[in-house]
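Student: After the structure tokens below, expect a handful of questions from me.
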2 protein chains.
Amino acid sequence: MALEHAILVSLSERPASGFDLTRRFDRSIGFFWSATHQQIYRVLARMEADGWVRCTPVAQSGRPAKKVYDVAPAGRRELSRWIAADTPMEQFRSEVAVKLRAASYGDRAAVFAQVEAHRAEHATRLAHYEQLAADYDPAPLTGHDLDVHLVLRGGIRLEQFWVDWLTEYLTAHTSSQSASQGAPA
Amino acid sequence: MALEHAILVSLSERPASGFDLTRRFDRSIGFFWSATHQQIYRVLARMEADGWVRCTPVAQSGRPAKKVYDVAPAGRRELSRWIAADTPMEQFRSEVAVKLRAASYGDRAAVFAQVEAHRAEHATRLAHYEQLAADYDPAPLTGHDLDVHLVLRGGIRLEQFWVDWLTEYLTAHTSSQSASQGAPA
DNA sequence: AACACAGGTGCAACTCGTTGCATAGGGTGC
DNA sequence: GCACCCTATGCAACGAGTTGCACCTGTGTT
């Protein structure tokens with residue numbers, strides 16, 4: 001039940017509409033928590049009913065009106081309660097990883113192609129995140145700015161993990177293949 | 001919908017009961033795919049109804065009888081179809097990561113304690129996986145054995161990612177704290 | 001005028017996954 | 001004899017998350 005809290009964090013940084021939040025969850029926060037707009041709208045409604053957030057309709061020129069949410073006192077209390085509460089260890093899940101193990105029960109060449117594609121995608125993300133990190137103020141960061149930067153560092157490390165692992169996979173299979181087929185002179 | 005396929009992989013390696021599968025999902029396969037026994041029993045029943053697996057009741061001395069499943073031809077076909085199909089990019093999710101970003105809206109010391117605890121847990125898992133890897137046959141692996149080993153390598157890399165990142169987090173905040181409070185001479 | 005497109009919000013139906021509970025035989029400890 | 005744990009399977013209810021669709025406003029295009 002962390003979507004509520006991810007939204008509270010995002011709204012604490014700056015008030016936003018459901019639509020804004022959806023875009024934020026496609027970026028920064030979204031490194032480690034994703035959500036569709038449906039889920040966000042539904043959860044926002046529940047949070048408003050619970051008094052965690054307040055809603056202000058905002059008319060826009062040349063655009064449909066939007067509903068801007070900000071964190072209510074009860075929401076701040078809940079956020080700080082959650083922050084202090086134990087975080088359970090969570091299970092990482094990856095369909096690709098299962099497929100790596102499954103390769104010998106199907107078309108191994110197809111698995112290689114998928115691994116290549118995933119590696120390329122992770123490499124792209126890695127480059128993107130590194131660009132973001134390079135744009136940072138070089139001054140020593142503190143407080144919330146430092147937190148945001150360190151989460152970005154996590155995103156970079158995670159993409160690096162993927163690139164390295166998938167590369168190891170492809171390399172290991174390439175050399176085992178040439179070994180078992182007899183390496184050409 | 002990858003649990004079916006994870007089960008097919010596991011049953012392809014060796015037939016098993018729901019209970020056996022549950023234990024396997026707490027280990028090896030479980031590095032990258034977890035499941036409770038409830039989910040496994042439910043999915044096994046559906047897979048049997050779909051003709052993907054076959055069930056053989058096996059009486060045991062001094063223990064309740066179990067139902068051993070193995071992969072049926074339709075299951076093998078489905079598995080190889082899935083292996084060749086595109087694997088969508090998936091979103092990584094982590095509540096701790098959200099909490100790192102949230103720290104400035106609550107008790108930062110409590111977050112540090114949780115980060116320490118998570119880092120210790122990941123370090124323990126890392127040591128465990130490295131032990132498993134060290135027990136491997138040193139001969140050059142090929143085929144499915146190589147796949148299994150490479151997935152274990154992924155588990156090791158992932159735990160290493162966590163340990164490194166959480167260490168970076170703690171280190172960065174420790175030095176920013178002493179910097180902003182004036183480092184002792 | 002008709003249409004596509006972007007911002008903006010939302011319902012309904014579904015699948016996936018978790019939690020709590022139920023059952024039942026056998027072994028172990030007090 | 002009784003409580004308790006381990007193997008082994010399963011139901012019921014709920015919450016989390018996805019997918020498909022609907023609707024409305026305004027702008028730009030043809």
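All residue names refer to the structure tokens as shown: chains lettered A, B, ... in order, residues numbered from 1 in each chain, ligands numbered from 1 in order.
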Which residues of chain D come within 9 Å of chain B, and for each one, what is the closest pair of atoms and their distance in Å to one decimal, counting only C-alpha atoms (C1' of nucleotides), sorted by chain and residue number, as a tab-separated table?

Tutor:
residue	atom	partner	partner_atom	distance
D:DT7	C1'	B:Arg63	CA	6.6
D:DA8	C1'	B:Pro64	CA	6.1
D:DT9	C1'	B:Tyr41	CA	8.0
D:DG10	C1'	B:Tyr41	CA	7.8

Student: For the structure I just gave you, how does DSSP split chain B - specifically, which residues are strand (DSSP E or B)? Reply as JSON, numbers by chain.

Tutor: {"B": [16, 53, 54, 55, 56, 57, 58, 59, 60, 63, 64, 65, 66, 67, 68, 69, 70, 71]}

Student: I'd like the contact shell of Tyr69 in chain B - 8 Å cut-off, only C-alpha atoms (C1' of nucleotides), skipping same-chain residues fewer than 3 positions apart - returned as a list of chain:residue names.

Tutor: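 My list of contacting residues is B:Leu11, B:Pro15, B:Ala16, B:Ser17, B:Gly18, B:Val53, B:Arg54, B:Cys55, B:Thr56.
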
Student: Sorted by chain and rising residue number, which residues of chain C lie within 8 Å of chain A, and what are their closest atom pairs and distances in Å to one decimal, counting only C-alpha atoms (C1' of nucleotides), as JSON lines?

Tutor:
{"residue": "C:DG7", "atom": "C1'", "partner": "A:Arg63", "partner_atom": "CA", "distance": 6.8}
{"residue": "C:DG8", "atom": "C1'", "partner": "A:Pro64", "partner_atom": "CA", "distance": 6.3}
{"residue": "C:DT9", "atom": "C1'", "partner": "A:Tyr41", "partner_atom": "CA", "distance": 7.9}
{"residue": "C:DG10", "atom": "C1'", "partner": "A:Tyr41", "partner_atom": "CA", "distance": 7.8}

Student: Emit the selected residues as a tab-separated table (two decimals), in the first residue's frame, including N, CA and C atoms (P, O5', C5', C4', C3', O3' and C1' of nucleotides).

Tutor:
chain	number	residue	atom	x	y	z
C	7	DG	P	-0.52	16.70	-23.71
C	7	DG	O5'	-1.80	17.37	-23.06
C	7	DG	C5'	-1.79	18.77	-22.83
C	7	DG	C4'	-3.05	19.16	-22.11
C	7	DG	C3'	-3.11	18.66	-20.66
C	7	DG	O3'	-3.62	19.70	-19.86
C	7	DG	C1'	-5.00	17.88	-21.83
C	8	DG	P	-3.39	19.64	-18.26
C	8	DG	O5'	-4.58	18.69	-17.82
C	8	DG	C5'	-5.89	19.24	-17.67
C	8	DG	C4'	-6.91	18.15	-17.46
C	8	DG	C3'	-6.59	17.09	-16.40
C	8	DG	O3'	-7.15	17.47	-15.13
C	8	DG	C1'	-7.89	16.30	-18.25
C	9	DT	P	-7.09	16.45	-13.87
C	9	DT	O5'	-8.37	15.53	-14.10
C	9	DT	C5'	-9.65	16.15	-14.16
C	9	DT	C4'	-10.73	15.10	-14.37
C	9	DT	C3'	-10.76	14.00	-13.31
C	9	DT	O3'	-11.95	14.10	-12.55
C	9	DT	C1'	-11.03	13.13	-15.52
C	10	DG	P	-12.17	13.19	-11.25
C	10	DG	O5'	-12.71	11.84	-11.92
C	10	DG	C5'	-14.02	11.80	-12.42
C	10	DG	C4'	-14.23	10.54	-13.20
C	10	DG	C3'	-14.17	9.25	-12.40
C	10	DG	O3'	-15.46	8.94	-11.92
C	10	DG	C1'	-13.38	9.06	-14.67

Student: Fewer than 2 positions away in the same chain doesn't count, so skip those; otherwise give me all residues within 10 Å of DC14 in chain C, counting only C-alpha atoms (C1' of nucleotides), as a PDB file with N, CA and C atoms (P, O5', C5', C4', C3', O3' and C1' of nucleotides), in the first residue's frame.

Tutor:
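Just written: part-v4.pdb:
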ATOM      1  P    DA C  12     -19.659   2.521 -12.802  1.00  0.00           P
ATOM      2  O5'  DA C  12     -18.982   1.346 -13.642  1.00  0.00           O
ATOM      3  C5'  DA C  12     -19.005   1.396 -15.060  1.00  0.00           C
ATOM      4  C4'  DA C  12     -18.546   0.062 -15.623  1.00  0.00           C
ATOM      5  C3'  DA C  12     -18.792  -1.132 -14.705  1.00  0.00           C
ATOM      6  O3'  DA C  12     -19.197  -2.225 -15.510  1.00  0.00           O
ATOM      7  C1'  DA C  12     -16.450  -0.914 -15.113  1.00  0.00           C
ATOM      8  P    DC C  16      -3.818 -13.279 -14.510  1.00  0.00           P
ATOM      9  O5'  DC C  16      -3.187 -12.521 -13.261  1.00  0.00           O
ATOM     10  C5'  DC C  16      -2.514 -11.286 -13.462  1.00  0.00           C
ATOM     11  C4'  DC C  16      -1.989 -10.790 -12.133  1.00  0.00           C
ATOM     12  C3'  DC C  16      -1.277 -11.870 -11.313  1.00  0.00           C
ATOM     13  O3'  DC C  16      -0.064 -11.292 -10.835  1.00  0.00           O
ATOM     14  C1'  DC C  16      -3.007 -10.865 -10.026  1.00  0.00           C
TER      15       DC C  16
ATOM     16  P    DT D  18       0.005  -1.705 -12.969  1.00  0.00           P
ATOM     17  O5'  DT D  18      -1.110  -2.372 -13.904  1.00  0.00           O
ATOM     18  C5'  DT D  18      -1.150  -3.789 -14.022  1.00  0.00           C
ATOM     19  C4'  DT D  18      -2.091  -4.192 -15.148  1.00  0.00           C
ATOM     20  C3'  DT D  18      -2.007  -3.323 -16.395  1.00  0.00           C
ATOM     21  O3'  DT D  18      -2.015  -4.194 -17.527  1.00  0.00           O
ATOM     22  C1'  DT D  18      -4.242  -3.351 -15.566  1.00  0.00           C
ATOM     23  P    DT D  19      -1.867  -3.582 -19.017  1.00  0.00           P
ATOM     24  O5'  DT D  19      -3.381  -3.549 -19.526  1.00  0.00           O
ATOM     25  C5'  DT D  19      -4.259  -4.604 -19.157  1.00  0.00           C
ATOM     26  C4'  DT D  19      -5.564  -4.452 -19.929  1.00  0.00           C
ATOM     27  C3'  DT D  19      -5.494  -3.562 -21.165  1.00  0.00           C
ATOM     28  O3'  DT D  19      -6.244  -4.176 -22.198  1.00  0.00           O
ATOM     29  C1'  DT D  19      -7.103  -2.711 -19.652  1.00  0.00           C
TER      30       DT D  19
END

Student: Write out as a list of chain:residue names the residues lying within 8 Å of range 80-82 of chain B, counting only C-alpha atoms (C1' of nucleotides) and excluding same-chain residues fewer than 3 positions away.

Tutor: A:Tyr105, A:Gly106, A:Asp107, B:His5, B:Arg76, B:Arg77, B:Ala85

Student: What is the CA of Ser104 in chain A to CA of Ser28 in chain B distance in Å?

Tutor: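 Atom-to-atom, CA of Ser104 in chain A to CA of Ser28 in chain B, that is 16.7 Å.
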
Student: Go through chain B residue by residue and, counting only C-alpha atoms, keep those with an atom at most 6 Å from chain A; for each kept residue give the shortest atom pair and its distance in Å to one decimal, ordered by chain and increasing number, as JSON lines.

Tutor:
{"residue": "B:Val9", "atom": "CA", "partner": "A:Ala102", "partner_atom": "CA", "distance": 5.8}
{"residue": "B:Phe32", "atom": "CA", "partner": "A:Arg93", "partner_atom": "CA", "distance": 4.7}
{"residue": "B:Trp33", "atom": "CA", "partner": "A:Arg93", "partner_atom": "CA", "distance": 5.0}
{"residue": "B:Ser80", "atom": "CA", "partner": "A:Gly106", "partner_atom": "CA", "distance": 4.4}
{"residue": "B:Ile83", "atom": "CA", "partner": "A:Gly106", "partner_atom": "CA", "distance": 5.9}
{"residue": "B:Ala84", "atom": "CA", "partner": "A:Ala110", "partner_atom": "CA", "distance": 5.4}
{"residue": "B:Phe92", "atom": "CA", "partner": "A:Phe32", "partner_atom": "CA", "distance": 5.7}
{"residue": "B:Arg93", "atom": "CA", "partner": "A:Phe32", "partner_atom": "CA", "distance": 4.6}
{"residue": "B:Ser94", "atom": "CA", "partner": "A:Phe32", "partner_atom": "CA", "distance": 5.4}
{"residue": "B:Arg101", "atom": "CA", "partner": "A:Asp147", "partner_atom": "CA", "distance": 5.1}
{"residue": "B:Ala102", "atom": "CA", "partner": "A:Val9", "partner_atom": "CA", "distance": 5.8}
{"residue": "B:Ser104", "atom": "CA", "partner": "A:His144", "partner_atom": "CA", "distance": 5.7}
{"residue": "B:Gly106", "atom": "CA", "partner": "A:Ser80", "partner_atom": "CA", "distance": 4.4}
{"residue": "B:Ala110", "atom": "CA", "partner": "A:Ala84", "partner_atom": "CA", "distance": 5.3}
{"residue": "B:Thr142", "atom": "CA", "partner": "A:Ser176", "partner_atom": "CA", "distance": 6.0}
{"residue": "B:His144", "atom": "CA", "partner": "A:Ser104", "partner_atom": "CA", "distance": 5.7}
{"residue": "B:Asp147", "atom": "CA", "partner": "A:Arg101", "partner_atom": "CA", "distance": 5.1}
{"residue": "B:Val148", "atom": "CA", "partner": "A:Arg101", "partner_atom": "CA", "distance": 5.7}
{"residue": "B:Ser176", "atom": "CA", "partner": "A:Thr142", "partner_atom": "CA", "distance": 5.9}

Student: Can you pull out every residue from range 14-148 of chain B that DSSP, working from the backbone, puts in alpha helix (DSSP H), and format the result as a VMD selection string?

Tutor: chain B and resid 18 to 25 37 to 49 73 to 84 95 to 102 108 to 134 143 to 148

Student: If you count only C-alpha atoms (C1' of nucleotides), which residues fall within 12 Å of DT30 in chain D, apart from same-chain ones fewer than 6 positions away, as a ChimeraX atom specification?

Tutor: /C:1-4

Student: Generate the output file for the selected residues, N, CA and C atoms (P, O5', C5', C4', C3', O3' and C1' of nucleotides), as a PDB file, in the first residue's frame.

Tutor:
ATOM      1  P    DA C   1     -20.639  25.157 -39.507  1.00  0.00           P
ATOM      2  O5'  DA C   1     -20.687  23.633 -39.901  1.00  0.00           O
ATOM      3  C5'  DA C   1     -20.937  23.317 -41.291  1.00  0.00           C
ATOM      4  C4'  DA C   1     -20.157  22.078 -41.587  1.00  0.00           C
ATOM      5  C3'  DA C   1     -20.146  21.076 -40.446  1.00  0.00           C
ATOM      6  O3'  DA C   1     -20.358  19.786 -40.992  1.00  0.00           O
ATOM      7  C1'  DA C   1     -17.909  21.639 -41.031  1.00  0.00           C
ATOM      8  P    DA C   2     -20.520  18.544 -40.008  1.00  0.00           P
ATOM      9  O5'  DA C   2     -19.091  17.874 -40.154  1.00  0.00           O
ATOM     10  C5'  DA C   2     -18.547  17.671 -41.459  1.00  0.00           C
ATOM     11  C4'  DA C   2     -17.190  17.004 -41.317  1.00  0.00           C
ATOM     12  C3'  DA C   2     -17.128  15.980 -40.184  1.00  0.00           C
ATOM     13  O3'  DA C   2     -16.530  14.778 -40.673  1.00  0.00           O
ATOM     14  C1'  DA C   2     -15.416  17.619 -39.911  1.00  0.00           C
ATOM     15  P    DC C   3     -16.311  13.513 -39.679  1.00  0.00           P
ATOM     16  O5'  DC C   3     -14.791  13.645 -39.244  1.00  0.00           O
ATOM     17  C5'  DC C   3     -13.805  13.951 -40.236  1.00  0.00           C
ATOM     18  C4'  DC C   3     -12.469  14.205 -39.559  1.00  0.00           C
ATOM     19  C3'  DC C   3     -12.211  13.284 -38.358  1.00  0.00           C
ATOM     20  O3'  DC C   3     -11.070  12.487 -38.603  1.00  0.00           O
ATOM     21  C1'  DC C   3     -11.655  15.560 -37.874  1.00  0.00           C
ATOM     22  P    DA C   4     -10.654  11.289 -37.590  1.00  0.00           P
ATOM     23  O5'  DA C   4      -9.215  11.775 -37.090  1.00  0.00           O
ATOM     24  C5'  DA C   4      -8.346  12.469 -37.982  1.00  0.00           C
ATOM     25  C4'  DA C   4      -7.336  13.274 -37.188  1.00  0.00           C
ATOM     26  C3'  DA C   4      -6.739  12.527 -35.982  1.00  0.00           C
ATOM     27  O3'  DA C   4      -5.337  12.733 -35.968  1.00  0.00           O
ATOM     28  C1'  DA C   4      -7.634  14.601 -35.284  1.00  0.00           C
TER      29       DA C   4
END

Student: Using only C-alpha atoms (C1' of nucleotides), can you tell me which of B:Ser61, B:Glu4, B:Asp26, B:Ala120 comes closest to DG25 in chain C?

Tutor: B:Ser61

Student: For CA of His128 in chain B and CA of Thr174 in chain B, determine how far apart the two atoms are, in Å to one decimal place.

Tutor: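 Taking CA of His128 in chain B as the start and CA of Thr174 in chain B as the end point, the length is 28.8 Å.
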
Student: Give me, please, the distance in Å between CA of Pro73 in chain A and CA of Gly51 in chain A, quoted to one decimal.

Tutor: 8.4 Å
